[in-house]
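data_8.cif follows; it contains mmCIF, C-alpha atoms and all ligand atoms.
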data_target
loop_
_atom_site.label_atom_id
_atom_site.label_comp_id
_atom_site.auth_asym_id
_atom_site.auth_seq_id
_atom_site.Cartn_x
_atom_site.Cartn_y
_atom_site.Cartn_z
CA MET A 1 -76.40 57.76 -114.29
CA LYS A 2 -77.67 56.27 -117.54
CA ILE A 3 -78.14 57.19 -121.18
CA ALA A 4 -81.84 57.86 -121.78
CA GLY A 5 -81.96 58.56 -125.52
CA ALA A 6 -80.88 60.75 -128.41
CA ARG A 7 -82.35 63.67 -130.37
CA THR A 8 -81.17 65.00 -133.72
CA ARG A 9 -81.98 68.39 -135.24
CA LEU A 10 -81.15 69.30 -138.83
CA TYR A 11 -80.54 72.78 -140.17
CA GLU A 12 -79.49 74.50 -143.38
CA PHE A 13 -77.84 77.84 -143.79
CA GLU A 14 -76.06 80.08 -146.23
CA MET A 15 -72.35 80.63 -145.62
CA ASP A 16 -70.70 84.00 -145.94
CA ARG A 17 -68.69 82.78 -148.92
CA PRO A 18 -68.87 79.82 -151.33
CA LEU A 19 -66.62 76.90 -150.43
CA GLY A 20 -64.99 74.98 -153.26
CA ASP A 21 -61.95 72.91 -154.22
CA ALA A 22 -60.42 71.27 -157.29
CA ASN A 23 -63.43 69.00 -157.53
CA LEU A 24 -66.02 71.81 -157.34
CA PRO A 25 -64.26 74.95 -158.56
CA GLU A 26 -67.49 76.97 -158.73
CA GLY A 27 -68.08 76.28 -155.03
CA ALA A 28 -71.26 75.96 -152.97
CA ARG A 29 -72.71 78.53 -150.60
CA MET A 30 -75.47 76.50 -148.88
CA ALA A 31 -74.49 74.11 -146.11
CA THR A 32 -76.20 71.64 -143.81
CA GLY A 33 -75.67 70.80 -140.19
CA MET A 34 -76.90 68.28 -137.66
CA LEU A 35 -76.98 68.74 -133.92
CA LEU A 36 -77.01 65.55 -131.89
CA PHE A 37 -78.09 65.53 -128.26
CA ILE A 38 -77.44 62.44 -126.13
CA ASP A 39 -79.65 62.74 -123.07
CA SER A 40 -78.89 61.25 -119.67
CA ASP A 41 -81.55 60.28 -117.14
CA ASP A 42 -80.59 63.11 -114.81
CA GLY A 43 -81.19 65.86 -117.37
CA VAL A 44 -77.65 66.52 -118.64
CA SER A 45 -77.23 66.30 -122.43
CA GLY A 46 -74.09 65.90 -124.52
CA ILE A 47 -73.99 67.84 -127.79
CA ALA A 48 -72.16 67.19 -131.04
CA ILE A 49 -72.33 68.55 -134.55
CA GLY A 50 -71.52 65.94 -137.14
CA GLY A 51 -72.60 63.50 -139.80
CA GLY A 52 -74.51 60.26 -139.96
CA ALA A 53 -78.18 59.64 -140.77
CA PRO A 54 -80.53 60.46 -137.88
CA GLY A 55 -82.19 57.05 -138.23
CA THR A 56 -78.86 55.22 -137.95
CA ILE A 57 -77.90 57.27 -134.90
CA GLN A 58 -81.25 56.60 -133.21
CA ARG A 59 -80.96 52.88 -133.88
CA LEU A 60 -77.41 52.65 -132.49
CA VAL A 61 -78.35 54.59 -129.35
CA LYS A 62 -81.55 52.61 -128.77
CA ASP A 63 -80.00 49.18 -129.43
CA LEU A 64 -76.62 49.64 -127.77
CA LEU A 65 -76.41 52.66 -125.48
CA VAL A 66 -79.70 53.28 -123.65
CA GLY A 67 -79.25 52.21 -120.01
CA GLU A 68 -75.44 52.42 -120.18
CA ASP A 69 -73.34 54.77 -118.06
CA PRO A 70 -72.35 57.57 -120.50
CA ARG A 71 -69.03 58.14 -118.76
CA GLY A 72 -67.59 54.89 -120.12
CA VAL A 73 -67.04 56.50 -123.51
CA LYS A 74 -64.19 54.32 -124.77
CA GLY A 75 -66.04 51.14 -123.86
CA LEU A 76 -69.17 52.40 -125.60
CA TRP A 77 -67.11 53.26 -128.69
CA GLN A 78 -65.82 49.68 -128.73
CA LYS A 79 -69.33 48.31 -128.24
CA MET A 80 -70.63 50.27 -131.25
CA ASN A 81 -67.70 49.26 -133.43
CA ASN A 82 -68.01 45.62 -132.43
CA ALA A 83 -71.71 45.69 -133.33
CA ALA A 84 -70.90 47.15 -136.76
CA PHE A 85 -68.23 44.50 -137.36
CA LYS A 86 -69.83 42.34 -140.05
CA GLY A 87 -71.16 45.13 -142.24
CA GLY A 88 -68.08 47.25 -141.62
CA ASN A 89 -67.76 50.43 -139.64
CA ARG A 90 -67.04 52.82 -142.47
CA GLY A 91 -69.29 55.21 -144.35
CA GLU A 92 -72.73 55.95 -142.97
CA ILE A 93 -72.45 53.86 -139.82
CA GLY A 94 -68.92 55.14 -139.21
CA SER A 95 -70.19 58.71 -139.40
CA ALA A 96 -72.98 57.90 -136.96
CA ILE A 97 -70.57 56.28 -134.47
CA SER A 98 -68.21 59.26 -134.81
CA THR A 99 -70.92 61.81 -134.00
CA ILE A 100 -72.29 59.74 -131.10
CA ASP A 101 -68.79 59.35 -129.66
CA THR A 102 -68.22 63.11 -129.89
CA ALA A 103 -71.49 63.80 -128.04
CA LEU A 104 -70.63 61.20 -125.38
CA TRP A 105 -67.28 62.89 -124.64
CA ASP A 106 -69.12 66.19 -124.31
CA LEU A 107 -71.66 64.55 -121.98
CA LYS A 108 -68.89 63.06 -119.84
CA ALA A 109 -67.22 66.46 -119.48
CA ARG A 110 -70.53 68.18 -118.67
CA ILE A 111 -71.27 65.53 -116.02
CA ASN A 112 -67.82 66.20 -114.57
CA GLY A 113 -68.62 69.93 -114.60
CA GLU A 114 -65.35 70.66 -116.44
CA PRO A 115 -64.29 71.78 -119.92
CA LEU A 116 -63.64 68.96 -122.36
CA TRP A 117 -59.98 69.90 -122.72
CA LYS A 118 -59.54 69.02 -119.05
CA THR A 119 -61.49 65.75 -119.39
CA LEU A 120 -59.17 64.81 -122.24
CA GLY A 121 -56.09 65.60 -120.19
CA ALA A 122 -54.86 68.83 -121.76
CA SER A 123 -52.86 71.01 -119.44
CA SER A 124 -53.16 74.19 -121.48
CA PRO A 125 -56.34 75.50 -123.15
CA GLN A 126 -54.76 76.68 -126.38
CA VAL A 127 -54.43 75.35 -129.89
CA ARG A 128 -52.40 76.80 -132.73
CA ALA A 129 -54.61 77.84 -135.68
CA TYR A 130 -54.12 78.08 -139.41
CA ALA A 131 -56.50 79.69 -141.90
CA SER A 132 -58.25 77.72 -144.62
CA GLY A 133 -60.37 79.50 -147.20
CA ILE A 134 -61.67 76.35 -149.01
CA ASP A 135 -61.26 79.07 -151.51
CA MET A 136 -61.25 77.74 -155.06
CA ALA A 137 -64.39 79.74 -155.89
CA LEU A 138 -63.07 83.02 -154.50
CA THR A 139 -61.86 85.91 -156.61
CA ASP A 140 -58.35 87.24 -156.12
CA GLU A 141 -59.74 90.11 -154.09
CA GLU A 142 -61.77 87.77 -151.89
CA ILE A 143 -58.68 85.63 -151.23
CA THR A 144 -56.77 88.69 -150.10
CA THR A 145 -59.69 89.83 -147.95
CA PHE A 146 -60.10 86.44 -146.23
CA TYR A 147 -56.42 85.81 -145.42
CA THR A 148 -55.92 89.43 -144.36
CA ARG A 149 -58.82 89.04 -141.93
CA MET A 150 -57.20 85.91 -140.51
CA ALA A 151 -53.71 87.50 -140.41
CA LYS A 152 -55.15 90.34 -138.35
CA GLN A 153 -56.01 87.71 -135.74
CA GLY A 154 -52.33 86.76 -135.65
CA ILE A 155 -52.66 83.68 -137.86
CA GLN A 156 -49.55 83.16 -139.98
CA GLY A 157 -50.45 79.88 -141.74
CA GLY A 158 -52.87 79.44 -144.62
CA LYS A 159 -54.06 76.56 -146.78
CA LEU A 160 -55.01 77.28 -150.36
CA LYS A 161 -57.13 75.05 -152.60
CA ILE A 162 -55.25 74.39 -155.80
CA GLY A 163 -55.35 72.02 -158.76
CA VAL A 164 -57.43 73.64 -161.51
CA ASP A 165 -54.63 75.38 -163.40
CA LEU A 166 -51.04 76.08 -162.54
CA GLU A 167 -51.01 79.76 -163.47
CA SER A 168 -53.88 80.72 -161.20
CA ASP A 169 -52.56 78.46 -158.42
CA GLU A 170 -49.27 80.34 -158.55
CA ARG A 171 -50.95 83.76 -158.56
CA ARG A 172 -53.35 82.91 -155.73
CA LEU A 173 -50.59 81.39 -153.60
CA GLY A 174 -48.74 84.70 -153.85
CA LEU A 175 -51.88 86.57 -152.78
CA MET A 176 -52.31 84.29 -149.76
CA ARG A 177 -48.64 84.67 -148.78
CA ASP A 178 -48.79 88.48 -149.00
CA ALA A 179 -52.00 88.62 -146.97
CA LEU A 180 -50.64 86.30 -144.26
CA ALA A 181 -47.51 88.44 -143.99
CA LYS A 182 -49.77 91.10 -142.46
CA SER A 183 -49.71 88.95 -139.31
CA GLY A 184 -46.19 90.30 -138.82
CA LYS A 185 -44.90 86.71 -138.80
CA ARG A 186 -43.36 84.50 -141.46
CA PRO A 187 -46.20 83.15 -143.64
CA GLU A 188 -46.63 79.37 -143.61
CA LEU A 189 -48.08 78.12 -146.88
CA MET A 190 -50.08 74.94 -147.28
CA ILE A 191 -51.76 73.66 -150.43
CA ASP A 192 -54.59 71.17 -150.89
CA SER A 193 -55.52 69.49 -154.18
CA ASN A 194 -58.15 67.11 -152.72
CA GLU A 195 -56.99 63.96 -154.53
CA TYR A 196 -57.44 65.60 -157.91
CA TRP A 197 -54.01 64.66 -159.23
CA SER A 198 -52.11 61.51 -160.08
CA PRO A 199 -48.81 61.23 -158.18
CA LYS A 200 -46.73 62.34 -161.17
CA GLN A 201 -49.02 65.33 -161.82
CA ALA A 202 -48.69 66.28 -158.18
CA ILE A 203 -44.89 66.17 -158.28
CA ARG A 204 -44.77 68.21 -161.46
CA HIS A 205 -47.21 70.90 -160.27
CA ILE A 206 -45.93 71.17 -156.73
CA SER A 207 -42.28 71.22 -157.86
CA HIS A 208 -43.14 74.13 -160.12
CA LEU A 209 -44.77 76.02 -157.22
CA GLU A 210 -41.77 75.23 -155.01
CA ARG A 211 -39.51 77.20 -157.34
CA SER A 212 -41.21 80.35 -156.03
CA PHE A 213 -42.69 79.33 -152.68
CA ASP A 214 -41.64 77.57 -149.51
CA ILE A 215 -44.56 75.18 -148.94
CA THR A 216 -45.04 73.60 -145.53
CA TRP A 217 -47.33 70.78 -146.58
CA ALA A 218 -49.23 69.50 -149.62
CA GLU A 219 -52.54 67.90 -148.64
CA GLU A 220 -54.05 64.88 -150.38
CA PRO A 221 -51.73 65.14 -153.41
CA ALA A 222 -52.77 61.58 -154.40
CA ARG A 223 -55.59 59.19 -153.54
CA ARG A 224 -56.23 58.64 -149.85
CA TRP A 225 -55.33 54.94 -149.81
CA ASP A 226 -52.46 55.06 -152.34
CA TYR A 227 -49.48 54.73 -150.03
CA ARG A 228 -47.12 54.09 -152.94
CA GLY A 229 -48.31 57.20 -154.79
CA LEU A 230 -48.23 59.36 -151.67
CA ARG A 231 -44.72 58.13 -150.84
CA GLN A 232 -43.67 58.88 -154.42
CA VAL A 233 -44.97 62.45 -154.01
CA SER A 234 -43.35 62.84 -150.60
CA ARG A 235 -39.99 61.83 -152.03
CA GLY A 236 -40.47 64.02 -155.11
CA ILE A 237 -41.21 67.37 -153.42
CA ARG A 238 -39.70 69.38 -150.56
CA ALA A 239 -43.01 69.94 -148.75
CA ALA A 240 -44.44 67.39 -146.35
CA VAL A 241 -47.34 65.26 -147.56
CA ALA A 242 -50.42 65.54 -145.35
CA THR A 243 -53.35 63.17 -145.65
CA GLY A 244 -55.97 61.25 -143.70
CA GLU A 245 -59.04 63.46 -143.52
CA ASN A 246 -61.10 61.04 -145.60
CA LEU A 247 -60.03 57.83 -143.89
CA ASP A 248 -62.34 56.16 -141.42
CA LEU A 249 -60.38 54.09 -138.96
CA LEU A 250 -56.98 53.63 -137.41
CA PRO A 251 -56.00 50.55 -139.49
CA GLU A 252 -56.20 52.66 -142.65
CA PHE A 253 -53.56 55.02 -141.28
CA THR A 254 -51.04 52.33 -140.40
CA PRO A 255 -49.84 51.64 -143.98
CA LEU A 256 -49.40 55.37 -144.62
CA LEU A 257 -47.00 55.59 -141.69
CA VAL A 258 -45.28 52.24 -142.12
CA HIS A 259 -44.56 52.99 -145.79
CA GLU A 260 -43.48 56.61 -145.14
CA ALA A 261 -46.32 57.91 -147.33
CA ALA A 262 -47.67 60.51 -144.90
CA ASP A 263 -45.41 63.07 -143.25
CA ILE A 264 -48.32 64.72 -141.44
CA ILE A 265 -51.60 63.08 -140.44
CA ASN A 266 -54.87 65.00 -140.86
CA LEU A 267 -57.30 64.12 -138.08
CA GLY A 268 -61.01 64.48 -138.74
CA GLN A 269 -64.10 63.84 -136.66
CA GLY A 270 -65.25 61.22 -139.17
CA SER A 271 -62.32 58.97 -138.22
CA GLY A 272 -64.11 57.42 -135.26
CA GLY A 273 -65.01 60.58 -133.37
CA ILE A 274 -62.84 61.78 -130.52
CA THR A 275 -61.94 58.25 -129.41
CA GLY A 276 -60.82 57.38 -132.94
CA MET A 277 -58.84 60.59 -133.34
CA LEU A 278 -57.00 59.98 -130.07
CA GLN A 279 -56.01 56.50 -131.26
CA ILE A 280 -54.79 57.78 -134.64
CA ALA A 281 -52.87 60.68 -133.06
CA ASP A 282 -51.15 58.19 -130.73
CA LEU A 283 -50.26 55.99 -133.70
CA ALA A 284 -48.67 58.99 -135.45
CA TYR A 285 -46.89 59.90 -132.20
CA GLY A 286 -45.40 56.42 -132.18
CA PHE A 287 -43.93 57.15 -135.59
CA ASP A 288 -42.81 60.62 -134.49
CA ARG A 289 -45.14 62.29 -137.00
CA PRO A 290 -47.22 65.42 -136.36
CA VAL A 291 -50.99 65.67 -136.68
CA THR A 292 -53.31 68.52 -137.62
CA LEU A 293 -56.99 68.75 -136.74
CA MET A 294 -59.45 69.41 -139.57
CA ASN A 295 -62.00 72.20 -139.51
CA CYS A 296 -65.27 71.91 -137.64
CA PRO A 297 -68.09 74.35 -136.92
CA GLY A 298 -67.01 77.02 -134.47
CA ASN A 299 -63.76 75.04 -133.89
CA PHE A 300 -65.70 73.00 -131.33
CA MET A 301 -63.26 70.05 -131.60
CA ALA A 302 -60.27 72.17 -130.58
CA PRO A 303 -60.23 70.55 -127.09
CA VAL A 304 -59.02 67.35 -128.79
CA ALA A 305 -56.07 69.16 -130.38
CA ALA A 306 -55.22 70.75 -127.02
CA CYS A 307 -54.39 67.36 -125.47
CA LEU A 308 -52.19 66.05 -128.32
CA PRO A 309 -48.43 66.46 -127.91
CA ASN A 310 -47.88 66.09 -131.66
CA HIS A 311 -50.55 68.56 -132.83
CA ILE A 312 -49.13 71.40 -134.95
CA GLY A 313 -52.11 73.43 -136.15
CA MET A 314 -55.89 73.35 -136.46
CA GLU A 315 -57.75 74.32 -139.62
CA VAL A 316 -59.96 77.39 -139.13
CA VAL A 317 -62.43 77.97 -141.97
CA ASP A 318 -64.63 80.60 -140.35
CA ALA A 319 -67.34 80.73 -143.03
CA GLY A 320 -70.22 81.62 -140.77
CA ARG A 321 -70.91 78.06 -139.71
CA ALA A 322 -71.64 78.89 -136.08
CA VAL A 323 -75.01 80.21 -137.14
CA CYS A 324 -77.33 78.68 -134.55
CA PHE A 325 -74.91 78.08 -131.70
CA THR A 326 -71.95 79.62 -130.01
CA VAL A 327 -68.76 77.90 -128.89
CA ASP A 328 -66.72 79.01 -125.91
CA ASN A 329 -63.43 79.84 -127.59
CA ARG A 330 -61.74 82.81 -129.22
CA ILE A 331 -58.73 83.41 -131.46
CA GLU A 332 -55.91 85.43 -130.00
CA ASN A 333 -52.56 86.07 -131.66
CA GLY A 334 -52.94 83.02 -133.90
CA TRP A 335 -54.11 80.64 -131.19
CA ILE A 336 -57.56 79.26 -130.37
CA ILE A 337 -58.05 79.94 -126.66
CA LEU A 338 -60.54 77.57 -125.08
CA GLY A 339 -62.94 78.72 -122.40
CA ASP A 340 -63.92 77.06 -119.15
CA SER A 341 -67.55 76.22 -119.99
CA PRO A 342 -68.38 72.60 -119.23
CA GLY A 343 -68.04 70.19 -122.15
CA ASN A 344 -67.07 71.29 -125.62
CA GLY A 345 -68.49 74.75 -125.04
CA ILE A 346 -71.37 74.55 -127.56
CA ALA A 347 -74.46 76.55 -126.58
CA VAL A 348 -77.44 76.26 -128.92
CA ASP A 349 -79.28 79.46 -129.84
CA GLU A 350 -82.86 78.17 -130.01
CA GLN A 351 -84.21 81.28 -131.70
CA LYS A 352 -81.69 81.09 -134.54
CA LEU A 353 -82.04 77.34 -134.83
CA ALA A 354 -85.82 77.66 -135.21
CA ALA A 355 -85.31 79.84 -138.28
CA LEU A 356 -82.92 77.34 -139.93
CA GLU A 357 -84.31 73.97 -138.86
CA VAL A 358 -85.51 71.51 -141.51
CA GLU A 359 -87.16 68.10 -141.42
CA GLN A 360 -84.88 66.84 -144.18
CA PHE A 361 -82.01 68.37 -146.09
CA SER A 362 -83.01 69.99 -149.38
CA PRO A 363 -82.03 68.12 -152.53
CA GLY A 364 -78.93 69.56 -154.16
CA VAL A 365 -77.36 71.01 -151.02
CA LYS A 366 -73.89 69.56 -151.29
CA ALA A 367 -72.78 70.06 -147.69
CA GLY A 368 -69.11 69.84 -148.54
CA SER A 369 -69.23 66.31 -149.89
CA TRP A 370 -69.41 66.90 -153.60
CA GLY A 371 -68.16 64.33 -156.11
CA ARG A 372 -64.86 63.98 -157.93
CA ARG A 373 -64.55 66.22 -160.97
CA ALA A 374 -64.09 64.68 -164.39
CA GLY A 375 -60.49 64.57 -165.55
CA ALA A 376 -59.09 63.81 -162.11
CA GLY A 377 -56.10 61.56 -161.66
CA MET A 378 -54.93 61.15 -165.25
CA TYR A 379 -51.53 62.50 -166.03
CA GLU A 380 -52.33 64.66 -169.02
CA THR A 381 -56.11 64.82 -169.21
CA PRO A 382 -57.04 68.38 -170.13
CA THR A 383 -59.41 70.02 -167.68
CA ARG A 384 -61.87 72.76 -168.20
MG MG A 401 -58.15 68.82 -147.14
#

Let me see whether you can do it: turn the structure in this file into structure tokens.
Amino acid sequence: MKIAGARTRLYEFEMDRPLGDANLPEGARMATGMLLFIDSDDGVSGIAIGGGAPGTIQRLVKDLLVGEDPRGVKGLWQKMNNAAFKGGNRGEIGSAISTIDTALWDLKARINGEPLWKTLGASSPQVRAYASGIDMALTDEEITTFYTRMAKQGIQGGKLKIGVDLESDERRLGLMRDALAKSGKRPELMIDSNEYWSPKQAIRHISHLERSFDITWAEEPARRWDYRGLRQVSRGIRAAVATGENLDLLPEFTPLLVHEAADIINLGQGSGGITGMLQIADLAYGFDRPVTLMNCPGNFMAPVAACLPNHIGMEVVDAGRAVCFTVDNRIENGWIILGDSPGNGIAVDEQKLAALEVEQFSPGVKAGSWGRRAGAGMYETPTR
């Protein structure tokens, strides 16, 4: 069995609510997606949704993977990373490698005729979920509606976007807590300021919130690489510091753990795909630190979380992203229950995809990667 080639298909769609954070408080409602298909010579294809430019993906597959046995995923991951060595394997090429790796794992599981969670070695097809509104642009009423909807699925944890102003952060955190309490369980509160603050700002704001709330973790309270600042925050607040979603490779995580800057590691697909995430999760396990999986369309990466002994909760955004595909999982009493479909469980709906497919993404569609808002990071810079 050999890899025959790759196909990419781009689509754009409107989400059921605007997503925003401290860097884009007004939020964005349009989103983009890319489906990658890695085809084998016997007609089985692996599917992934992810980033990376189609041209970069096609070049990597053509130059390095065509003719290779797709089941040797870890070796192919190494081959791609070795090839990217001189120019570096971050950014655009890192995204391409991550998406290819994800599709290769799916292909391997489909060839095996088994669900990906089994291929990865999980013994139980369930993953604890937490709700994430990416909700800076939502009204108070919309925050209550979203977290109530999630609580009714048994989800007790929620992550609120904060960092624009302390008064509204405090009010909205209370709304999230009260909505999550409808799960019948103790609400678990997480906050995420998306690197908007300096370390001292973070300590001051979070300490204020901690007078009224028991916060489980504070995400990206300082810059992603600033292990001294993150450690300062960790030591200055009660909550755990979580970070890592915007790092690319395992070596970037090592200083965060060695210097006690990250109490919880966020694992994202962009950190080297499934192979990269497994490496980073093992590194955290070696330091006895938990990991959490970041959101992804239809929770299609949940099989990765299922096999990690130190995984504590996966981010569920549920903003209508599974618009042109379905994924074989469901949420039950706060847990993502994975099905038995081969691979990652993605099934493309060709009719819906046809209505959303584009040749190129439209200019101005931010796709979740908006810039840093002015005023970020300075201790007392007034913000608007
Ligand atoms: Mg985050």

> Could you list, as a PyMOL selection string, all the residues within 7 Å of ligand MG 401 (chain A), counting only C-alpha atoms and all ligand atoms?
Replying inline: chain A and resi 192+194+219-220+245

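When only C-alpha atoms are used to compute distances to Glu114 in chain A, the closest of the residues A:Ser341, A:Thr243, A:Ser369, A:Gln201 turns out to be A:Ser341.
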
>> Give me the residues near Glu350 in chain A as JSON, numbers by chain, where near means some atom within 10 Å (using all atoms listed in the file) and where sequence neighbours in that chain fewer than 4 positions away do not count.
In response: {"A": [324, 325, 354, 355, 356, 357]}

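In terms of minimum interatomic distance to Gly273 in chain A, A:Ile100 ranks closest within A:Ile3, A:Val66, A:Ile100, A:Ile155, counting all atoms listed in the file.
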
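For Leu107 in chain A, the set of protein, DNA and RNA residues having any atom at most 7 Å away, when counting only C-alpha atoms and skipping those fewer than 2 positions along the same chain, is Ser45, Gly46, Ala103, Leu104, Trp105, Ala109, Arg110, Ile111 and Gly343 of chain A.
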
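Proximity to Trp117 in chain A was assessed for A:Ser98, A:Gln269, A:Asn329, A:Gln279 counting all atoms listed in the file; the smallest distance is recorded for A:Asn329.
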
Please provide as a compact mmCIF listing (two decimals) with C-alpha atoms, keeping the file's coordinate frame all residues within 8 Å of range 119-127 of chain A, with the sequence filter that same-chain residues fewer than 6 positions apart are discarded (counting only C-alpha atoms).
# COMPACT_ATOMS: atom_id res chain seq x y z
CA LYS A 108 -68.89 63.06 -119.84
CA ALA A 109 -67.22 66.46 -119.48
CA ASN A 112 -67.82 66.20 -114.57
CA ALA A 302 -60.27 72.17 -130.58
CA PRO A 303 -60.23 70.55 -127.09
CA VAL A 304 -59.02 67.35 -128.79
CA ALA A 305 -56.07 69.16 -130.38
CA ALA A 306 -55.22 70.75 -127.02
CA CYS A 307 -54.39 67.36 -125.47
CA LEU A 308 -52.19 66.05 -128.32
CA GLY A 313 -52.11 73.43 -136.15
CA MET A 314 -55.89 73.35 -136.46
CA TRP A 335 -54.11 80.64 -131.19
CA ILE A 336 -57.56 79.26 -130.37
CA ILE A 337 -58.05 79.94 -126.66
CA LEU A 338 -60.54 77.57 -125.08
CA GLY A 339 -62.94 78.72 -122.40

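We find CA of Met30 in chain A and CA of Glu12 in chain A to be spaced 7.1 Å apart.
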
> Skipping near chain neighbours, those fewer than 4 positions away, what residues fall within 6 Å of Ala4 in chain A using all atoms listed in the file, listed as JSON, numbers by chain?
Replying inline: {"A": [39, 40, 41, 66]}

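Here the question is which of A:Leu209, A:Asp248, A:Gly113, A:Trp197 gets nearest to Leu230 in chain A using only C-alpha atoms, and that residue is A:Trp197.
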
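For the set A:Ser212, A:Asn81, A:Gln156, A:Asn89, the residue with the smallest atom-to-atom gap to Pro187 in chain A is A:Gln156, counting only C-alpha atoms.
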
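Straight-line separation from CA of Gly236 in chain A to CA of Val316 in chain A: 28.5 Å.
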
> Nearest to Ala129 in chain A: which of A:Pro70, A:Gly268, A:Gly33, A:Gly334 is it, counting only C-alpha atoms?
Replying inline: A:Gly334

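One finds CA of Asp340 in chain A at 24.2 Å from CA of Ala281 in chain A.
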
>> Residues within 12 Å of Tyr130 in chain A, please, as a PyMOL selection string. Count all atoms listed in the file; anything in the same chain fewer than 2 positions from it doesn't count.
In response: chain A and resi 127-128+132-133+147+150-151+153-160+180+183+187-190+216+292-295+299+312-318+331+333-336
